[in-house]
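Below is the file work_25.cif, which contains mmCIF, C-alpha atoms; chains and numbers go by the auth columns.
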data_target
loop_
_atom_site.group_PDB
_atom_site.id
_atom_site.type_symbol
_atom_site.label_atom_id
_atom_site.label_comp_id
_atom_site.label_asym_id
_atom_site.label_seq_id
_atom_site.Cartn_x
_atom_site.Cartn_y
_atom_site.Cartn_z
_atom_site.B_iso_or_equiv
_atom_site.auth_seq_id
_atom_site.auth_asym_id
ATOM 1 C CA MET A 1 0.000 0.000 0.000 0.00 22 V
ATOM 2 C CA ASN A 2 1.280 3.446 -0.820 0.00 23 V
ATOM 3 C CA GLN A 3 1.971 5.327 2.383 0.00 24 V
ATOM 4 C CA VAL A 4 1.062 8.980 2.481 0.00 25 V
ATOM 5 C CA ARG A 5 4.308 10.839 3.126 0.00 26 V
ATOM 6 C CA GLY A 6 5.745 14.188 2.260 0.00 27 V
ATOM 7 C CA LYS A 7 4.058 17.208 0.812 0.00 28 V
ATOM 8 C CA TYR A 8 1.309 16.881 -1.761 0.00 29 V
ATOM 9 C CA SER A 9 -0.102 19.568 -3.964 0.00 30 V
ATOM 10 C CA GLY A 10 -3.683 18.355 -3.802 0.00 31 V
ATOM 11 C CA GLN A 11 -6.202 15.779 -2.746 0.00 32 V
ATOM 12 C CA VAL A 12 -9.089 14.045 -4.499 0.00 33 V
ATOM 13 C CA MET A 13 -11.825 12.266 -2.578 0.00 34 V
ATOM 14 C CA ILE A 14 -13.765 9.240 -3.814 0.00 35 V
ATOM 15 C CA GLU A 15 -16.781 8.421 -1.681 0.00 36 V
ATOM 16 C CA CYS A 16 -18.086 4.865 -1.809 0.00 37 V
ATOM 17 C CA PRO A 17 -21.054 3.614 0.231 0.00 38 V
ATOM 18 C CA ASN A 18 -19.007 2.915 3.385 0.00 39 V
ATOM 19 C CA THR A 19 -15.490 3.942 2.426 0.00 40 V
ATOM 20 C CA ILE A 20 -13.919 7.257 1.603 0.00 41 V
ATOM 21 C CA PHE A 21 -10.685 7.251 -0.405 0.00 42 V
ATOM 22 C CA HIS A 22 -8.402 10.266 -0.116 0.00 43 V
ATOM 23 C CA LEU A 23 -6.045 10.281 -3.126 0.00 44 V
ATOM 24 C CA TYR A 24 -3.009 12.529 -2.801 0.00 45 V
ATOM 25 C CA VAL A 25 -1.750 14.286 -5.926 0.00 46 V
ATOM 26 C CA ASN A 26 1.889 15.244 -6.504 0.00 47 V
ATOM 27 C CA ASP A 27 1.780 16.651 -10.001 0.00 48 V
ATOM 28 C CA GLU A 28 -0.217 17.150 -13.194 0.00 49 V
ATOM 29 C CA ILE A 29 0.520 13.595 -14.395 0.00 50 V
ATOM 30 C CA GLU A 30 -1.068 12.061 -11.306 0.00 51 V
ATOM 31 C CA LEU A 31 -4.004 14.464 -11.519 0.00 52 V
ATOM 32 C CA THR A 32 -4.576 13.454 -15.143 0.00 53 V
ATOM 33 C CA LYS A 33 -4.491 9.755 -14.205 0.00 54 V
ATOM 34 C CA ILE A 34 -7.074 10.372 -11.485 0.00 55 V
ATOM 35 C CA GLU A 35 -9.318 12.415 -13.793 0.00 56 V
ATOM 36 C CA ILE A 36 -9.280 9.632 -16.400 0.00 57 V
ATOM 37 C CA PHE A 37 -9.997 7.028 -13.722 0.00 58 V
ATOM 38 C CA MET A 38 -12.893 9.099 -12.340 0.00 59 V
ATOM 39 C CA SER A 39 -14.464 9.514 -15.764 0.00 60 V
ATOM 40 C CA ASN A 40 -14.099 5.779 -16.429 0.00 61 V
ATOM 41 C CA ILE A 41 -15.663 4.658 -13.138 0.00 62 V
ATOM 42 C CA ARG A 42 -18.781 6.694 -13.875 0.00 63 V
ATOM 43 C CA THR A 43 -19.529 4.314 -16.753 0.00 64 V
ATOM 44 C CA VAL A 44 -18.899 1.104 -14.771 0.00 65 V
ATOM 45 C CA LYS A 45 -21.998 -0.545 -13.312 0.00 66 V
ATOM 46 C CA GLN A 46 -20.251 -2.214 -10.413 0.00 67 V
ATOM 47 C CA LEU A 47 -16.909 -1.252 -8.931 0.00 68 V
ATOM 48 C CA GLY A 48 -15.512 -2.868 -5.822 0.00 69 V
ATOM 49 C CA LEU A 49 -13.209 -1.370 -3.246 0.00 70 V
ATOM 50 C CA THR A 50 -10.521 -3.807 -4.361 0.00 71 V
ATOM 51 C CA ASP A 51 -10.652 -2.252 -7.829 0.00 72 V
ATOM 52 C CA ILE A 52 -9.881 1.189 -6.400 0.00 73 V
ATOM 53 C CA TYR A 53 -7.149 -0.164 -4.093 0.00 74 V
ATOM 54 C CA ASN A 54 -5.564 -2.047 -7.008 0.00 75 V
ATOM 55 C CA TRP A 55 -5.712 0.930 -9.347 0.00 76 V
ATOM 56 C CA CYS A 56 -4.095 3.274 -6.824 0.00 77 V
ATOM 57 C CA ASN A 57 -1.302 0.818 -6.118 0.00 78 V
ATOM 58 C CA ARG A 58 -0.640 0.061 -9.800 0.00 79 V
ATOM 59 C CA GLN A 59 -0.556 3.773 -10.670 0.00 80 V
ATOM 60 C CA GLY A 60 1.588 4.713 -7.671 0.00 81 V
ATOM 61 C CA ILE A 61 -1.039 7.102 -6.315 0.00 82 V
ATOM 62 C CA ALA A 62 -0.739 7.704 -2.564 0.00 83 V
ATOM 63 C CA TYR A 63 -4.001 7.257 -0.691 0.00 84 V
ATOM 64 C CA ARG A 64 -5.703 6.726 2.633 0.00 85 V
ATOM 65 C CA THR A 65 -9.064 5.210 3.353 0.00 86 V
ATOM 66 C CA ARG A 66 -11.579 5.958 6.038 0.00 87 V
ATOM 67 C CA PHE A 67 -14.750 4.154 7.067 0.00 88 V
ATOM 68 C CA ASN A 68 -17.886 6.204 6.496 0.00 89 V
ATOM 69 C CA TYR A 69 -20.529 5.587 9.189 0.00 90 V
ATOM 70 C CA HIS A 70 -24.093 6.065 7.914 0.00 91 V
ATOM 71 C CA ARG A 71 -26.629 7.377 10.405 0.00 92 V
ATOM 72 C CA GLY A 72 -29.507 6.242 8.194 0.00 93 V
ATOM 73 C CA ILE A 73 -28.874 2.534 8.783 0.00 94 V
ATOM 74 C CA SER A 74 -28.787 0.488 11.960 0.00 95 V
ATOM 75 C CA VAL A 75 -25.772 0.091 14.198 0.00 96 V
ATOM 76 C CA TRP A 76 -25.712 -3.620 13.312 0.00 97 V
ATOM 77 C CA GLU A 77 -25.577 -2.903 9.567 0.00 98 V
ATOM 78 C CA ASN A 78 -22.829 -0.338 10.149 0.00 99 V
ATOM 79 C CA LEU A 79 -20.888 -2.879 12.195 0.00 100 V
ATOM 80 C CA LEU A 80 -21.151 -5.452 9.414 0.00 101 V
ATOM 81 C CA SER A 81 -20.056 -2.819 6.889 0.00 102 V
ATOM 82 C CA TYR A 82 -17.105 -1.893 9.095 0.00 103 V
ATOM 83 C CA LEU A 83 -16.037 -5.540 9.326 0.00 104 V
ATOM 84 C CA ARG A 84 -16.199 -5.852 5.510 0.00 105 V
ATOM 85 C CA TYR A 85 -14.219 -2.600 5.162 0.00 106 V
ATOM 86 C CA THR A 86 -11.544 -3.810 7.600 0.00 107 V
ATOM 87 C CA ARG A 87 -11.249 -7.214 5.921 0.00 108 V
ATOM 88 C CA GLN A 88 -10.951 -5.603 2.477 0.00 109 V
ATOM 89 C CA LYS A 89 -8.333 -3.134 3.700 0.00 110 V
ATOM 90 C CA MET A 90 -6.256 -5.887 5.331 0.00 111 V
ATOM 91 C CA ARG A 91 -6.472 -8.024 2.205 0.00 112 V
ATOM 92 C CA CYS A 92 -5.211 -5.164 0.045 0.00 113 V
ATOM 93 C CA GLN A 93 -2.406 -4.355 2.497 0.00 114 V
ATOM 94 C CA MET A 94 -1.260 -7.969 2.347 0.00 115 V
ATOM 95 C CA ASN A 95 -1.265 -7.929 -1.459 0.00 116 V
ATOM 96 C CA PHE A 96 0.598 -4.642 -1.824 0.00 117 V
ATOM 97 C CA GLY A 97 2.283 -4.179 1.554 0.00 118 V
#
As structure tokens, please, write out the structure in this file.
Amino acid sequence: MNQVRGKYSGQVMIECPNTIFHLYVNDEIELTKIEIFMSNIRTVKQLGLTDIYNWCNRQGIAYRTRFNYHRGISVWENLLSYLRYTRQKMRCQMNFG
């Protein structure tokens, strides 16, 4: 997983149902990659968190993720979502760590 270090010129946020990705931009090349990715994911019917993790790691884009608690659903559903988020994050860290 790409660790977020140093100074970055910008940040792009991708909000998924229970996960928020913060992508950190160094230069125009990285910004262009992110813009192309964002326009492509709008046309995809189903995109998993693993797809975003994999793309960031393959492109060398630094990122962080954060769980997004939803007040509109029950605590139990949020807990299950958090467990899925944690499992997915650990799986991606093992693959790219």
Would you kindly return, as an MDAnalysis selection string, each protein, DNA or RNA residue with an atom no farther than 12 Å from any atom of Ile73 in chain V, considering only C-alpha atoms and excluding same-chain residues fewer than 4 positions away? chainID V and resid 22 34:37 40:44 55 58:59 61:62 67:69 77:80 82:86 109:110 113
Which neighbours of Arg105 in chain V fall inside 12 Å, counting only C-alpha atoms, when residues of the same chain fewer than 2 positions from it are skipped, and could you give them as number ranges by chain? V: 38-40, 69-71, 88, 98-103, 107-112
Within 7 Å of file point (-5.2, 14.3, -5.9), counting all atoms listed in the file, expressed as a PDB file with C-alpha atoms, in the coordinates of the input:
ATOM      1  CA  GLY V  31      -3.683  18.355  -3.802  1.00  0.00           C
ATOM      2  CA  GLN V  32      -6.202  15.779  -2.746  1.00  0.00           C
ATOM      3  CA  VAL V  33      -9.089  14.045  -4.499  1.00  0.00           C
ATOM      4  CA  LEU V  44      -6.045  10.281  -3.126  1.00  0.00           C
ATOM      5  CA  TYR V  45      -3.009  12.529  -2.801  1.00  0.00           C
ATOM      6  CA  VAL V  46      -1.750  14.286  -5.926  1.00  0.00           C
ATOM      7  CA  LEU V  52      -4.004  14.464 -11.519  1.00  0.00           C
TER       8      LEU V  52
END
If you measure from CA of Glu56 in chain V to CA of Asn75 in chain V, what distance in Å do you get, rounded to one decimal? 16.4 Å
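From CA of Ser30 in chain V back to CA of Met115 in chain V, the distance works out to 28.3 Å.
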Please measure the separation of CA of Gln114 in chain V and CA of Tyr74 in chain V, giving the value in Å to one decimal. 9.1 Å
Name the closest residue to Ile50 in chain V among the candidates V:Arg87, V:Trp76, V:Gly81, V:Val96; distances are taken between atoms, counting only C-alpha atoms.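 Of the candidates, the smallest distance to Ile50 in chain V is held by V:Gly81.
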Take every atom of range 102-107 of chain V listed in the file, fit an axis-aligned box around them, add 6 Å per side, and give the centre and edge lengths in Å to one decimal as AutoDock Vina command-line options.
--center_x -15.8 --center_y -3.9 --center_z 7.2 --size_x 20.5 --size_y 16.0 --size_z 16.2
Starting from the incomplete input, reconstruct N, CA and C atoms of range 67-102 of chain V and write that as a compact mmCIF listing (two decimals), keeping the file's coordinate frame.
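Writing the result to selection.txt gives the following:
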# COMPACT_ATOMS: atom_id res chain seq x y z
N GLN V 67 -20.61 -1.75 -11.75
CA GLN V 67 -20.25 -2.21 -10.41
C GLN V 67 -18.74 -2.12 -10.26
N LEU V 68 -18.32 -1.44 -9.21
CA LEU V 68 -16.91 -1.25 -8.93
C LEU V 68 -16.68 -1.56 -7.47
N GLY V 69 -15.79 -2.50 -7.20
CA GLY V 69 -15.51 -2.87 -5.82
C GLY V 69 -14.38 -2.05 -5.23
N LEU V 70 -14.29 -2.08 -3.92
CA LEU V 70 -13.21 -1.37 -3.25
C LEU V 70 -11.86 -1.90 -3.68
N THR V 71 -11.78 -3.20 -3.92
CA THR V 71 -10.52 -3.81 -4.36
C THR V 71 -10.06 -3.19 -5.67
N ASP V 72 -11.00 -2.87 -6.55
CA ASP V 72 -10.65 -2.25 -7.83
C ASP V 72 -9.98 -0.90 -7.61
N ILE V 73 -10.48 -0.12 -6.67
CA ILE V 73 -9.88 1.19 -6.40
C ILE V 73 -8.53 1.03 -5.73
N TYR V 74 -8.44 0.12 -4.74
CA TYR V 74 -7.15 -0.16 -4.09
C TYR V 74 -6.12 -0.58 -5.14
N ASN V 75 -6.49 -1.53 -5.98
CA ASN V 75 -5.56 -2.05 -7.01
C ASN V 75 -5.12 -0.95 -7.96
N TRP V 76 -6.06 -0.13 -8.41
CA TRP V 76 -5.71 0.93 -9.35
C TRP V 76 -4.72 1.91 -8.72
N CYS V 77 -5.00 2.33 -7.50
CA CYS V 77 -4.10 3.27 -6.82
C CYS V 77 -2.69 2.69 -6.69
N ASN V 78 -2.61 1.45 -6.29
CA ASN V 78 -1.30 0.82 -6.12
C ASN V 78 -0.57 0.63 -7.44
N ARG V 79 -1.29 0.24 -8.48
CA ARG V 79 -0.64 0.06 -9.80
C ARG V 79 -0.16 1.40 -10.36
N GLN V 80 -0.92 2.46 -10.13
CA GLN V 80 -0.56 3.77 -10.67
C GLN V 80 0.42 4.54 -9.79
N GLY V 81 0.68 4.03 -8.58
CA GLY V 81 1.59 4.71 -7.67
C GLY V 81 0.98 5.95 -7.04
N ILE V 82 -0.34 5.97 -6.91
CA ILE V 82 -1.04 7.10 -6.32
C ILE V 82 -1.14 6.87 -4.80
N ALA V 83 -0.66 7.81 -4.02
CA ALA V 83 -0.74 7.70 -2.56
C ALA V 83 -2.19 7.93 -2.13
N TYR V 84 -2.62 7.15 -1.14
CA TYR V 84 -4.00 7.26 -0.69
C TYR V 84 -4.14 6.83 0.76
N ARG V 85 -5.26 7.21 1.33
CA ARG V 85 -5.70 6.73 2.63
C ARG V 85 -7.18 6.42 2.51
N THR V 86 -7.64 5.50 3.33
CA THR V 86 -9.06 5.21 3.35
C THR V 86 -9.61 5.48 4.74
N ARG V 87 -10.91 5.71 4.78
CA ARG V 87 -11.58 5.96 6.04
C ARG V 87 -12.97 5.35 5.95
N PHE V 88 -13.40 4.71 7.02
CA PHE V 88 -14.75 4.15 7.07
C PHE V 88 -15.75 5.29 7.20
N ASN V 89 -16.85 5.18 6.49
CA ASN V 89 -17.89 6.20 6.50
C ASN V 89 -19.13 5.64 7.18
N TYR V 90 -19.37 6.03 8.42
CA TYR V 90 -20.53 5.59 9.19
C TYR V 90 -21.78 6.28 8.66
N HIS V 91 -22.83 5.50 8.40
CA HIS V 91 -24.09 6.06 7.91
C HIS V 91 -25.13 6.08 9.03
N ARG V 92 -25.62 7.25 9.34
CA ARG V 92 -26.63 7.38 10.40
C ARG V 92 -27.98 6.81 9.98
N GLY V 93 -28.21 6.70 8.69
CA GLY V 93 -29.51 6.24 8.19
C GLY V 93 -29.73 4.74 8.29
N ILE V 94 -28.70 3.98 8.64
CA ILE V 94 -28.87 2.53 8.78
C ILE V 94 -28.55 2.13 10.22
N SER V 95 -28.93 0.93 10.57
CA SER V 95 -28.79 0.49 11.96
C SER V 95 -27.32 0.32 12.36
N VAL V 96 -27.12 0.31 13.66
CA VAL V 96 -25.77 0.09 14.20
C VAL V 96 -25.25 -1.27 13.74
N TRP V 97 -26.10 -2.28 13.74
CA TRP V 97 -25.71 -3.62 13.31
C TRP V 97 -25.23 -3.62 11.86
N GLU V 98 -25.97 -2.98 10.97
CA GLU V 98 -25.58 -2.90 9.57
C GLU V 98 -24.26 -2.14 9.41
N ASN V 99 -24.09 -1.08 10.18
CA ASN V 99 -22.83 -0.34 10.15
C ASN V 99 -21.67 -1.20 10.65
N LEU V 100 -21.93 -1.98 11.68
CA LEU V 100 -20.89 -2.88 12.20
C LEU V 100 -20.48 -3.90 11.14
N LEU V 101 -21.46 -4.49 10.48
CA LEU V 101 -21.15 -5.45 9.41
C LEU V 101 -20.38 -4.79 8.28
N SER V 102 -20.78 -3.57 7.93
CA SER V 102 -20.06 -2.82 6.89
C SER V 102 -18.63 -2.52 7.32
